[in-house]
Amino acid sequence: MITTQSMLFQKIENSIQNLKPKTISDERKAVLQPLIKYIQSKVSNHQEIRINFICTHNSRRSHLSQVWAQTLAYYFNVKNVFCYSGGTENTALFPMVVETLQNSGFEIKALSEGNNPIYSIKYSENEHPIIGFSKKIEDKFNPKSEFAAIMTCSQADGGCPFIAGAEERIPITFEDPKVFDNTTQQVKKYNERSLQIATELFYVFSQINS
């Protein structure tokens with residue numbers, strides 16, 4: 001296992017240390033295995049690792065996955081990992097996702113306003129921030145080739161049988177917290193989904209050997 005490094009913001013460090021990867025079922029571990037295999041192959045061959053998390057609207061699950069993957073790659077000291085997100089259409093990064101990540105310790109600043117704001121999302125004082133905004137899969141901000149496409153929602157998985165430029169297409173789907181919008185359970189359910197994604201990606205990167 002690659003050794004961890006502890007230069008994250010302290011609240012994020014605490015959030016990670018409170019994750020419970022042992023609760024992941026064997027069935028779910030099998031779903032995660034192709035991503036582990038992809039990352040390990042790249043590490044073993046000293047290649048850059050590009051991961052594009054894809055959902056229909058690129059507004060919730062794909063962003064949570066992108067942010068946690070980049071953070072946990074750093075936590076486990078897996079080098080040359082570049083995480084992206086995209087959708088079959090672009091909308092906006094949903095404000096509750098921003099709030100949920102802030103509650104886990106991320107420092108987030110809006111760089112622009114409008115219908116599709118751009119955010120700086122920092123997990124460490126000296127690391128380059130993650131740039132968060134809604135975009136289509138083929139947006140120029142995303143890689144054009146040599147990446148793994150991770151399908152985070154069943155709708156995008158079914159609607160995109162082919163992702164141009166992807167070396168691997170891996171379905172790792174999550175339930176949509178959107179169904180709890182404008183309910184008394186909204187904050188709780190977004191946090192649950194964020195922590196599920198973090199827990200599973202913790203497991204993924206914990207399995208990588210240098």
# chains A, B, ... in the order shown; residues from 1 in each chain; ligands from 1
>>> residues_around(residues="segment 120-122 of chain A", least_positions_apart="6", cutoff="6 Å", atoms="only C-alpha atoms", output="list of chain:residue names")
A:Phe106, A:Glu107, A:Ile108, A:Lys109, A:Pro129, A:Ile130, A:Ile131
>>> residues_around(residues="Glu168 of chain A", least_positions_apart="5", cutoff="8 Å", atoms="only C-alpha atoms", output="ChimeraX atom specification")
/A:38,147-149
>>> write_last_selection(atoms="all heavy atoms", output="mmCIF file, in the first residue's frame")
data_model
loop_
_atom_site.group_PDB
_atom_site.id
_atom_site.type_symbol
_atom_site.label_atom_id
_atom_site.label_comp_id
_atom_site.auth_asym_id
_atom_site.auth_seq_id
_atom_site.Cartn_x
_atom_site.Cartn_y
_atom_site.Cartn_z
ATOM 1 N N TYR A 38 -7.220 -0.326 -13.308
ATOM 2 C CA TYR A 38 -6.804 0.715 -14.242
ATOM 3 C C TYR A 38 -5.729 1.605 -13.610
ATOM 4 O O TYR A 38 -4.688 1.873 -14.229
ATOM 5 C CB TYR A 38 -8.013 1.561 -14.648
ATOM 6 C CG TYR A 38 -7.676 2.703 -15.584
ATOM 7 C CD1 TYR A 38 -7.540 2.491 -16.951
ATOM 8 C CD2 TYR A 38 -7.469 3.987 -15.092
ATOM 9 C CE1 TYR A 38 -7.208 3.525 -17.810
ATOM 10 C CE2 TYR A 38 -7.142 5.041 -15.941
ATOM 11 C CZ TYR A 38 -7.016 4.800 -17.295
ATOM 12 O OH TYR A 38 -6.677 5.844 -18.144
ATOM 13 N N PHE A 147 -7.852 8.280 -20.933
ATOM 14 C CA PHE A 147 -8.501 8.464 -19.639
ATOM 15 C C PHE A 147 -9.485 7.331 -19.405
ATOM 16 O O PHE A 147 -9.893 6.620 -20.333
ATOM 17 C CB PHE A 147 -9.213 9.820 -19.561
ATOM 18 C CG PHE A 147 -10.390 9.966 -20.505
ATOM 19 C CD1 PHE A 147 -11.679 9.651 -20.094
ATOM 20 C CD2 PHE A 147 -10.208 10.434 -21.806
ATOM 21 C CE1 PHE A 147 -12.764 9.793 -20.962
ATOM 22 C CE2 PHE A 147 -11.282 10.577 -22.675
ATOM 23 C CZ PHE A 147 -12.560 10.251 -22.257
ATOM 24 N N ALA A 148 -9.851 7.165 -18.137
ATOM 25 C CA ALA A 148 -10.920 6.234 -17.771
ATOM 26 C C ALA A 148 -12.200 7.034 -17.577
ATOM 27 O O ALA A 148 -12.197 8.062 -16.883
ATOM 28 C CB ALA A 148 -10.572 5.481 -16.493
ATOM 29 N N ALA A 149 -13.276 6.590 -18.194
ATOM 30 C CA ALA A 149 -14.587 7.216 -18.015
ATOM 31 C C ALA A 149 -15.348 6.433 -16.947
ATOM 32 O O ALA A 149 -15.657 5.256 -17.132
ATOM 33 C CB ALA A 149 -15.353 7.205 -19.329
#
>>> atom_distance(atom1="atom CA of Ser59 of chain A", atom2="atom CA of Leu93 of chain A")
4.3 Å
>>> residues_around(residues="segment 206-210 of chain A", least_positions_apart="3", cutoff="12 Å", atoms="only C-alpha atoms", output="VMD selection string")
chain A and resid 1 to 4 21 to 22 29 32 to 46 69 72 to 79 198 to 203
>>> select_by_dssp(residues="segment 26-210 of chain A", states="helix (DSSP H, G or I)", output="ChimeraX atom specification")
/A:26-44,61-75,95-103,154-159,177-180,186-206
>>> residues_around(residues="segment 97-102 of chain A", least_positions_apart="3", cutoff="12 Å", atoms="only C-alpha atoms", output="number ranges by chain")
A: 9, 11-12, 15, 58-68, 71, 92-94, 105-110, 117-123, 132-133, 176-178, 181, 186-195, 197-198
